[in-house]
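Q: Submitted below is the structure of interest, expressed as structure tokens.
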Amino acid sequence: MKRRIRYVYTDAEWSKQVRIENVIFFVLSPIYLPLVAVYYIGEGALYMAEGIALGVRALVKRIFFRKNRKEAGE
């Protein structure tokens, strides 16, 4: 059986930890925010590309294969 180690913080230690983490996040935000923006731009481009592919597929069926008819079920 594994022993579980729990860390116990006082309020002063906890607030110090939170303050240090906030400073680090603030310092790293100029790196993080452009990366997130690139991610969301890529997601949007992927969504748009899928939409274009569906449109092209429908257009090809309508223009080149319009004489093909679906067979009615008996």
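To be explicit about the labels: the chains of the structure tokens are called A, B, and onward in the order shown, and within each one the residues are counted from 1, while ligands get numbers from 1 in the order they are shown.
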Would you mind writing down, as an MDAnalysis selection string, each residue of chain A that DSSP on the backbone assigns to helix (DSSP H, G or I)?
A: chainID A and resid 11:64
Q: At what distance in Å, to one decimal, does CA of Ala12 in chain A lie from CA of Pro30 in chain A?
A: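 Between these atoms lies a distance of 28.9 Å.
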